Each structure stands twice: as C-alpha cells, then as structure tokens.
file final-v9.txt (compact mmCIF, C-alpha atoms and all ligand atoms)
# COMPACT_ATOMS: atom_id res chain seq x y z
CA GLY A 25 -0.26 -22.01 -0.14
CA GLN A 26 -3.37 -19.86 -0.21
CA THR A 27 -4.47 -18.18 -3.42
CA LEU A 28 -6.84 -15.42 -4.51
CA ASP A 29 -9.19 -16.17 -7.39
CA ALA A 30 -11.39 -14.28 -9.85
CA SER A 31 -14.11 -13.75 -7.23
CA TRP A 32 -11.56 -11.86 -5.10
CA ALA A 33 -10.53 -9.74 -8.10
CA ILE A 34 -14.17 -8.96 -8.90
CA ASP A 35 -14.87 -8.11 -5.26
CA TRP A 36 -11.79 -5.85 -5.31
CA LEU A 37 -13.13 -3.91 -8.31
CA ARG A 38 -16.62 -3.62 -6.77
CA ARG A 39 -15.17 -2.39 -3.47
CA SER A 40 -12.92 0.00 -5.41
CA ALA A 41 -15.92 1.45 -7.24
CA ALA A 42 -17.67 1.98 -3.89
CA VAL A 43 -14.69 3.60 -2.16
CA ILE A 44 -13.92 5.83 -5.14
CA ALA A 45 -17.58 6.95 -5.26
CA GLU A 46 -17.51 7.67 -1.50
CA ASN A 47 -14.28 9.65 -1.86
CA ARG A 48 -15.10 11.37 -5.15
CA MET A 49 -15.36 14.85 -3.61
CA MET A 50 -12.26 14.35 -1.48
CA LEU A 51 -10.21 13.41 -4.58
CA ILE A 52 -11.68 16.38 -6.46
CA GLU A 53 -10.67 18.69 -3.59
CA LEU A 54 -7.12 17.30 -3.53
CA ASP A 55 -6.80 17.75 -7.30
CA ARG A 56 -8.28 21.26 -7.05
CA LYS A 57 -5.39 22.24 -4.76
CA ILE A 58 -2.56 21.08 -7.05
CA GLY A 59 -4.17 20.16 -10.38
CA ASP A 60 -7.35 20.75 -12.36
CA GLY A 61 -9.88 19.27 -9.95
CA ASP A 62 -11.03 16.31 -12.03
CA HIS A 63 -9.33 13.29 -10.45
CA GLY A 64 -12.36 12.20 -8.39
CA GLU A 65 -14.69 12.59 -11.35
CA ASN A 66 -12.29 10.76 -13.70
CA MET A 67 -11.84 7.81 -11.35
CA ASP A 68 -15.53 7.58 -10.45
CA ARG A 69 -16.50 7.54 -14.14
CA GLY A 70 -14.00 4.74 -14.78
CA PHE A 71 -15.03 2.54 -11.88
CA GLN A 72 -18.77 2.99 -12.51
CA ALA A 73 -18.07 1.81 -16.08
CA ILE A 74 -16.26 -1.22 -14.64
CA LEU A 75 -19.36 -2.08 -12.58
CA LEU A 76 -21.49 -2.01 -15.74
CA LYS A 77 -18.99 -4.28 -17.53
CA LEU A 78 -18.99 -6.74 -14.64
CA ASP A 79 -22.79 -6.83 -14.74
CA GLU A 80 -22.57 -7.95 -18.39
CA GLY A 81 -20.49 -10.98 -17.42
CA GLU A 82 -17.84 -11.89 -14.87
CA PRO A 83 -14.40 -13.03 -16.10
CA GLU A 84 -13.16 -16.38 -14.78
CA THR A 85 -9.53 -15.62 -13.93
CA PRO A 86 -7.92 -12.76 -11.97
CA GLY A 87 -5.92 -11.90 -15.11
CA ALA A 88 -9.10 -11.52 -17.16
CA VAL A 89 -10.62 -9.33 -14.42
CA PHE A 90 -7.51 -7.08 -14.47
CA LYS A 91 -7.72 -6.91 -18.27
CA LEU A 92 -11.37 -5.81 -18.10
CA ALA A 93 -10.37 -3.10 -15.60
CA ALA A 94 -7.44 -2.01 -17.78
CA MET A 95 -9.50 -1.63 -20.95
CA THR A 96 -12.30 0.21 -19.17
CA LEU A 97 -10.02 2.59 -17.27
CA MET A 98 -8.04 3.39 -20.43
CA SER A 99 -11.18 4.26 -22.37
CA LYS A 100 -13.15 6.04 -19.62
CA VAL A 101 -10.83 7.80 -17.16
CA GLY A 102 -8.82 10.07 -19.46
CA GLY A 103 -6.26 12.60 -18.22
CA ALA A 104 -2.97 11.40 -16.81
CA ALA A 105 -4.47 8.80 -14.51
CA GLY A 106 -6.45 6.83 -17.15
CA PRO A 107 -3.46 5.59 -19.18
CA LEU A 108 -1.40 5.12 -16.00
CA TYR A 109 -3.97 2.99 -14.16
CA GLY A 110 -4.85 1.26 -17.45
CA THR A 111 -1.22 0.27 -17.94
CA ALA A 112 -0.96 -0.85 -14.29
CA PHE A 113 -3.92 -3.23 -14.62
CA LEU A 114 -2.75 -4.45 -18.04
CA ARG A 115 0.71 -5.33 -16.71
CA ALA A 116 -0.90 -7.05 -13.70
CA ALA A 117 -3.06 -9.04 -16.13
CA THR A 118 0.01 -10.17 -18.05
CA ALA A 119 1.77 -11.16 -14.82
CA ALA A 120 -1.30 -13.12 -13.64
CA GLY A 121 -1.57 -14.92 -16.98
CA GLU A 122 -4.15 -17.71 -17.12
CA GLN A 123 -3.74 -18.66 -13.45
CA ARG A 124 -7.01 -19.30 -11.59
CA GLY A 125 -5.44 -18.60 -8.21
CA LEU A 126 -2.76 -16.04 -7.33
CA ASP A 127 -0.41 -17.04 -4.51
CA SER A 128 1.70 -14.53 -2.57
CA GLU A 129 4.65 -14.73 -4.98
CA LEU A 130 2.46 -14.12 -8.01
CA LEU A 131 0.54 -11.36 -6.22
CA ALA A 132 3.78 -9.58 -5.32
CA ALA A 133 4.97 -10.01 -8.92
CA ALA A 134 1.69 -8.63 -10.30
CA LEU A 135 1.91 -5.56 -8.06
CA ALA A 136 5.52 -4.99 -9.10
CA ALA A 137 4.55 -5.36 -12.77
CA ALA A 138 1.74 -2.83 -12.29
CA ARG A 139 4.10 -0.32 -10.69
CA ASP A 140 6.71 -0.91 -13.39
CA GLY A 141 4.04 -0.17 -15.99
CA VAL A 142 3.22 3.17 -14.35
CA VAL A 143 6.94 4.03 -14.30
CA ALA A 144 7.41 2.96 -17.94
CA ARG A 145 4.55 5.23 -18.96
CA GLY A 146 4.98 8.21 -16.64
CA LYS A 147 8.72 8.11 -15.83
CA ALA A 148 8.18 9.19 -12.23
CA ALA A 149 10.60 8.27 -9.43
CA VAL A 150 9.78 8.05 -5.73
CA GLY A 151 9.69 11.53 -4.16
CA GLU A 152 8.28 13.29 -7.22
CA LYS A 153 4.79 13.56 -5.66
CA THR A 154 2.85 11.10 -7.83
CA MET A 155 1.00 7.82 -7.40
CA ILE A 156 4.42 6.14 -7.52
CA ASP A 157 4.97 7.39 -3.95
CA ALA A 158 2.13 5.07 -2.92
CA TRP A 159 2.88 2.21 -5.33
CA THR A 160 6.58 1.69 -4.67
CA PRO A 161 6.35 1.28 -0.88
CA ALA A 162 3.36 -1.02 -1.48
CA VAL A 163 5.37 -3.16 -3.91
CA ASP A 164 8.29 -3.30 -1.46
CA ALA A 165 5.99 -4.29 1.42
CA ALA A 166 4.38 -6.98 -0.75
CA ALA A 167 7.78 -8.41 -1.71
CA ALA A 168 8.85 -8.47 1.95
CA ALA A 169 5.59 -10.15 2.96
CA ALA A 170 5.96 -12.82 0.26
CA ALA A 171 9.58 -13.42 1.32
CA ARG A 172 8.57 -14.04 4.95
CA GLY A 173 5.90 -16.51 3.84
CA ALA A 174 2.84 -14.34 4.45
CA GLY A 175 -0.44 -15.34 2.83
CA PRO A 176 -2.15 -13.16 0.20
CA ALA A 177 -4.47 -11.36 2.65
CA GLU A 178 -1.59 -10.42 4.96
CA LEU A 179 0.49 -9.38 1.95
CA LEU A 180 -2.23 -7.06 0.68
CA ASP A 181 -2.81 -5.61 4.14
CA ALA A 182 0.91 -4.76 4.35
CA ALA A 183 0.86 -3.30 0.83
CA ALA A 184 -2.21 -1.18 1.59
CA SER A 185 -0.69 0.18 4.82
CA ALA A 186 2.53 1.07 2.98
CA ALA A 187 0.55 2.78 0.21
CA ARG A 188 -1.38 4.80 2.81
CA ALA A 189 1.87 5.98 4.44
CA GLY A 190 3.26 6.69 0.97
CA ALA A 191 0.27 8.84 0.04
CA VAL A 192 0.66 10.87 3.25
CA SER A 193 4.39 11.22 2.51
CA THR A 194 3.59 13.24 -0.64
CA GLU A 195 2.28 16.19 1.40
CA PRO A 196 5.59 18.04 2.00
CA LEU A 197 6.91 17.33 -1.51
CA ILE A 198 7.34 19.53 -4.57
CA ALA A 199 5.82 17.83 -7.64
CA ARG A 200 8.18 16.92 -10.49
CA LYS A 201 5.66 15.23 -12.81
CA GLY A 202 2.14 15.96 -14.01
CA ARG A 203 0.10 19.15 -13.65
CA ALA A 204 1.15 19.72 -10.04
CA SER A 205 4.73 20.26 -11.24
CA TYR A 206 3.65 23.65 -12.67
CA LEU A 207 3.02 24.88 -9.12
CA GLY A 208 6.57 24.60 -7.80
CA GLU A 209 6.65 25.30 -4.05
CA ARG A 210 2.90 26.00 -3.97
CA ALA A 211 2.34 22.23 -4.15
CA ILE A 212 3.94 21.87 -0.71
CA GLY A 213 1.44 20.93 2.00
CA HIS A 214 -1.01 19.15 -0.31
CA ARG A 215 -1.42 15.41 -0.78
CA ASP A 216 -1.12 14.03 -4.30
CA PRO A 217 -4.57 12.91 -5.50
CA GLY A 218 -3.27 9.94 -7.52
CA ALA A 219 -1.27 8.67 -4.54
CA GLU A 220 -4.43 8.96 -2.44
CA SER A 221 -6.58 7.06 -4.98
CA SER A 222 -3.87 4.39 -5.22
CA ALA A 223 -3.93 3.94 -1.44
CA LEU A 224 -7.74 3.64 -1.53
CA LEU A 225 -7.59 0.99 -4.27
CA LEU A 226 -4.95 -1.09 -2.47
CA ARG A 227 -6.94 -0.94 0.78
CA ALA A 228 -9.97 -2.22 -1.17
CA ALA A 229 -7.81 -5.11 -2.46
CA ALA A 230 -6.85 -6.01 1.11
CA GLU A 231 -10.45 -5.78 2.34
CA ALA A 232 -11.62 -8.05 -0.48
CA ALA A 233 -8.94 -10.59 0.50
CA ALA A 234 -9.97 -10.45 4.17
CA ALA A 235 -13.69 -10.83 3.40
P1 LIG B 301 -4.87 15.10 -14.99
O1 LIG B 301 -3.66 15.59 -14.24
O2 LIG B 301 -4.61 14.88 -16.44
O3 LIG B 301 -6.09 15.96 -14.74
P2 LIG B 301 -5.85 13.20 -13.03
O4 LIG B 301 -6.24 14.39 -12.25
O5 LIG B 301 -6.91 12.17 -13.25
O6 LIG B 301 -5.23 13.61 -14.43
O7 LIG B 301 -4.63 12.44 -12.31
C1 LIG B 301 -3.60 13.17 -11.68
C2 LIG B 301 -2.68 12.19 -10.97
O8 LIG B 301 -1.94 11.43 -11.92
C3 LIG B 301 -1.63 12.86 -10.11
O9 LIG B 301 -2.13 13.13 -8.82
C4 LIG B 301 -0.49 11.84 -10.09
O10 LIG B 301 -0.61 10.93 -9.01
C5 LIG B 301 -0.69 11.08 -11.37
N1 LIG B 301 0.36 11.39 -12.33
C6 LIG B 301 0.42 12.45 -13.16
N2 LIG B 301 1.54 12.39 -13.91
C7 LIG B 301 2.20 11.25 -13.54
C8 LIG B 301 3.41 10.60 -13.94
N3 LIG B 301 4.18 11.11 -14.90
N4 LIG B 301 3.75 9.45 -13.31
C9 LIG B 301 2.98 8.93 -12.34
N5 LIG B 301 1.82 9.49 -11.93
C10 LIG B 301 1.44 10.63 -12.51
MG MG B 302 -6.68 16.30 -12.71
MG MG B 303 -7.55 16.65 -16.10

call {"tool": "encode", "arguments": {"input": "final-v9.txt", "output": "structure tokens", "more": "lines below"}}
Ligand code: ADP
Ligand code: MG
Ligand code: MG
result
Amino acid sequence: GQTLDASWAIDWLRRSAAVIAENRMMLIELDRKIGDGDHGENMDRGFQAILLKLDEGEPETPGAVFKLAAMTLMSKVGGAAGPLYGTAFLRAATAAGEQRGLDSELLAAALAAARDGVVARGKAAVGEKTMIDAWTPAVDAAAAAAARGAGPAELLDAAASAARAGAVSTEPLIARKGRASYLGERAIGHRDPGAESSALLLRAAAEAAAA
C-alpha cells in the first residue's frame, strides 16, 4: 500500500512550526485561563528550534525525523509539555524504526506508541482535561482507519478530526492533571491548551500527507 516517507515527516514538522507560530497567542490565551500562560511560547520556541535543526541537515527516515523533533522539544520546550511531546515523538521514532516508508498499520502503531508514551510519563486518563483527550480519540480513529484499509492520508485526516473534537471536548471538564487541576471547577468552560496544540499538530500531519 501507500507509505509516507521522510519528506512527509519533514513537511509535517515545518507545517507544525508554522501553525504553532500562527496560533502562539491563542495557545497563550488558553493557558492564561487555566494555567500559567506559557504554552504558546513554549511550543513556538520548540518548533522554531526544530526548523533551525532541519536547516542544518534533513534526516532520511521518518523515524530519524521524529527523533530530531523529540530531542529538540525535550531540550527547548520545558514545562509539562516539553517532556510529554518529547516522549511522544521518541516513542513514535522507535515504532517507525529504520523504515523509509510508513504504511497505515505502522502509522497507526506510531501514533499509539506516541500516546502511550504521554500516558507513561503523565499518567493522565481520558476525561482529565489534558492532551490525552485529543490523542486517544486520534489513536482510535487511526486504528479504525487502518483496519478498514484506508491509506495514510485518509488515516491522518480521520485522526486529526478526532483530535479536534477531542480538544473541544475538554471545555466542560474539570482538570485532574497538570496546573489546571489546581483550579477545580474554575477550569470548567475553558479548552485545554495542550489538547488544542495536539489537534493543531495532527491537522498539520494530515495536511502534509495530502500535499
Ligand atoms: P506548564 O503547565 O508546565 O506551564 P505547558 O503550559 O507548556 O506546561 O503545557 C500544559 C499542557 O500540558 C496542558 O494543557 C496539558 O494538555 C498538558 N499536561 C499537563 N500535565 C499533563 C499530564 N500529566 N498528562 C498529559 N498532559 C499533561
Ligand atoms: Mg503553561
Ligand atoms: Mg509553565
């Protein structure tokens, strides 16, 4: 079947950097409501650093691209999100291995591995108002797409749509993990910033696959 290669992964990261930069203030505003207001700045710093790394030399496999993203996000993003996204990309890199092309099965497995990494690190379950509320529906949609024989672009489109709905679903929730958990009921009515950034990143992945 169809596969996605390193040029897709690089395009994903470049599109991610652009969409995070465009939405920097929006992510800051979301984090100001239920956190400390730095999520947009943290993510923008990390993805701008990824762009600089890519300009130094482009990796030749999707796994190596994910590894570059993991290392850079871990060292540059900080806060809660840096280690969580770093772990996500590192687990995806391990799942992708040395493969030059990722088919739907491997893509679904890499997304699941990324989500499992976030859970291993942050211990959040669905419904606790974190990025997991975007990731888990995305992983489920990707698995369903792979099972029905969808190609990688269709799989990522389904994952991105599920992540978007998942991010919106955090609005009525009370936070059980991270800084927002200190707010109790005052977190109700606000979207989780990490769920929003996760939805933006997965949409960028789908757009890179459709390009
Ligand atoms: P910080 O809270 O340290 O300032 P950020 O603002 O960059 O870090 O990231 C906050 C986001 O991290 C939250 O919106 C949430 O999605 C995510 N997050 C925080 N704690 C956890 C956790 N334990 N598991 C999963 N995601 C988490
Ligand atoms: Mg913050
Ligand atoms: Mg912070």

call {"tool": "residues_near_ligand", "arguments": {"input": "final-v9.txt", "ligand": "ligand MG 303 (chain B)", "cutoff": "6 Å", "atoms": "only C-alpha atoms and all ligand atoms", "output": "number ranges by chain"}}
result
A: 60, 62, 103

call {"tool": "residues_near_ligand", "arguments": {"input": "final-v9.txt", "ligand": "ligand MG 302 (chain B)", "cutoff": "12 Å", "atoms": "all atoms listed in the file", "output": "MDAnalysis selection string"}}
result
chainID A and resid 51:67 101:106 154 202:204 216:218

call {"tool": "write_last_selection", "arguments": {"input": "final-v9.txt", "atoms": "C-alpha atoms", "output": "PDB file, in the frame of the given file"}}
result
ATOM      1  CA  LEU A  51     -10.210  13.410  -4.580  1.00  0.00           C
ATOM      2  CA  ILE A  52     -11.680  16.380  -6.460  1.00  0.00           C
ATOM      3  CA  GLU A  53     -10.670  18.690  -3.590  1.00  0.00           C
ATOM      4  CA  LEU A  54      -7.120  17.300  -3.530  1.00  0.00           C
ATOM      5  CA  ASP A  55      -6.800  17.750  -7.300  1.00  0.00           C
ATOM      6  CA  ARG A  56      -8.280  21.260  -7.050  1.00  0.00           C
ATOM      7  CA  LYS A  57      -5.390  22.240  -4.760  1.00  0.00           C
ATOM      8  CA  ILE A  58      -2.560  21.080  -7.050  1.00  0.00           C
ATOM      9  CA  GLY A  59      -4.170  20.160 -10.380  1.00  0.00           C
ATOM     10  CA  ASP A  60      -7.350  20.750 -12.360  1.00  0.00           C
ATOM     11  CA  GLY A  61      -9.880  19.270  -9.950  1.00  0.00           C
ATOM     12  CA  ASP A  62     -11.030  16.310 -12.030  1.00  0.00           C
ATOM     13  CA  HIS A  63      -9.330  13.290 -10.450  1.00  0.00           C
ATOM     14  CA  GLY A  64     -12.360  12.200  -8.390  1.00  0.00           C
ATOM     15  CA  GLU A  65     -14.690  12.590 -11.350  1.00  0.00           C
ATOM     16  CA  ASN A  66     -12.290  10.760 -13.700  1.00  0.00           C
ATOM     17  CA  MET A  67     -11.840   7.810 -11.350  1.00  0.00           C
ATOM     18  CA  VAL A 101     -10.830   7.800 -17.160  1.00  0.00           C
ATOM     19  CA  GLY A 102      -8.820  10.070 -19.460  1.00  0.00           C
ATOM     20  CA  GLY A 103      -6.260  12.600 -18.220  1.00  0.00           C
ATOM     21  CA  ALA A 104      -2.970  11.400 -16.810  1.00  0.00           C
ATOM     22  CA  ALA A 105      -4.470   8.800 -14.510  1.00  0.00           C
ATOM     23  CA  GLY A 106      -6.450   6.830 -17.150  1.00  0.00           C
ATOM     24  CA  THR A 154       2.850  11.100  -7.830  1.00  0.00           C
ATOM     25  CA  GLY A 202       2.140  15.960 -14.010  1.00  0.00           C
ATOM     26  CA  ARG A 203       0.100  19.150 -13.650  1.00  0.00           C
ATOM     27  CA  ALA A 204       1.150  19.720 -10.040  1.00  0.00           C
ATOM     28  CA  ASP A 216      -1.120  14.030  -4.300  1.00  0.00           C
ATOM     29  CA  PRO A 217      -4.570  12.910  -5.500  1.00  0.00           C
ATOM     30  CA  GLY A 218      -3.270   9.940  -7.520  1.00  0.00           C
TER      31      GLY A 218
END

call {"tool": "closest_residue", "arguments": {"input": "final-v9.txt", "among": "A:Ala162, A:Leu207, A:Leu76, A:Ala33", "to": "Phe113 of chain A", "atoms": "all atoms listed in the file"}}
result
A:Ala33

call {"tool": "residues_around", "arguments": {"input": "final-v9.txt", "residues": "Lys153 of chain A", "least_positions_apart": "3", "cutoff": "9 Å", "atoms": "all atoms listed in the file", "output": "ChimeraX atom specification"}}
result
/A:148-150,156-157,191,193-201,204-205,215-216,219

call {"tool": "closest_residue", "arguments": {"input": "final-v9.txt", "among": "A:Ala186, A:Leu135, A:Ala116, A:Ala211", "to": "ligand LIG 301 (chain B)", "atoms": "only C-alpha atoms and all ligand atoms"}}
result
A:Ala211

call {"tool": "axis_aligned_box", "arguments": {"input": "final-v9.txt", "around": "segment 194-200 of chain A", "padding_each_side": "3 Å", "output": "lines of an AutoDock Vina configuration file"}}
result
center_x = 5.2
center_y = 16.4
center_z = -4.2
size_x = 11.9
size_y = 12.3
size_z = 18.5

call {"tool": "residues_around", "arguments": {"input": "final-v9.txt", "residues": "Ala166 of chain A", "least_positions_apart": "6", "cutoff": "7 Å", "atoms": "all atoms listed in the file", "output": "PDB file with C-alpha atoms, keeping the file's coordinate frame"}}
result
ATOM      1  CA  ALA A 132       3.780  -9.580  -5.320  1.00  0.00           C
ATOM      2  CA  LEU A 179       0.490  -9.380   1.950  1.00  0.00           C
ATOM      3  CA  LEU A 180      -2.230  -7.060   0.680  1.00  0.00           C
ATOM      4  CA  ALA A 182       0.910  -4.760   4.350  1.00  0.00           C
ATOM      5  CA  ALA A 183       0.860  -3.300   0.830  1.00  0.00           C
TER       6      ALA A 183
END

call {"tool": "residues_around", "arguments": {"input": "final-v9.txt", "residues": "Leu131 of chain A", "least_positions_apart": "5", "cutoff": "10 Å", "atoms": "only C-alpha atoms", "output": "VMD selection string"}}
result
chain A and resid 27 to 28 116 119 to 120 125 to 126 136 to 137 163 166 to 167 170 175 to 176 179 to 180

call {"tool": "closest_residue", "arguments": {"input": "final-v9.txt", "among": "A:Gly70, A:Gly146, A:Gly81, A:Gly141", "to": "ligand LIG 301 (chain B)", "atoms": "all atoms listed in the file"}}
result
A:Gly146

call {"tool": "closest_residue", "arguments": {"input": "final-v9.txt", "among": "A:Arg124, A:Lys100, A:Arg48, A:Arg145", "to": "ligand LIG 301 (chain B)", "atoms": "only C-alpha atoms and all ligand atoms"}}
result
A:Arg145

call {"tool": "residues_around", "arguments": {"input": "final-v9.txt", "residues": "Ala228 of chain A", "least_positions_apart": "3", "cutoff": "7 Å", "atoms": "all atoms listed in the file", "output": "NGL selection string"}}
result
:A and (36 or 39-40 or 224-225 or 231-232)

call {"tool": "closest_residue", "arguments": {"input": "final-v9.txt", "among": "A:Gly173, A:Pro107, A:Gly213, A:Gly208", "to": "ligand LIG 301 (chain B)", "atoms": "only C-alpha atoms and all ligand atoms"}}
result
A:Pro107

call {"tool": "atom_distance", "arguments": {"input": "final-v9.txt", "atom1": "atom N2 of ligand LIG 301 (chain B)", "atom2": "atom CA of Pro161 of chain A"}}
result
17.8 Å

call {"tool": "closest_residue", "arguments": {"input": "final-v9.txt", "among": "A:Leu37, A:Ala233, A:Ala174, A:Ile44", "to": "Leu92 of chain A", "atoms": "all atoms listed in the file"}}
result
A:Leu37

call {"tool": "atom_distance", "arguments": {"input": "final-v9.txt", "atom1": "atom CA of Gly87 of chain A", "atom2": "atom CA of Ala133 of chain A"}}
result
12.7 Å

call {"tool": "residues_around", "arguments": {"input": "final-v9.txt", "residues": "segment 89-91 of chain A", "least_positions_apart": "3", "cutoff": "6 Å", "atoms": "all atoms listed in the file", "output": "list in words"}}
result
Pro83, Pro86, Ala94, Phe113, Leu114 and Ala117 of chain A

call {"tool": "atom_distance", "arguments": {"input": "final-v9.txt", "atom1": "atom CA of Arg227 of chain A", "atom2": "atom CA of Tyr109 of chain A"}}
result
15.7 Å
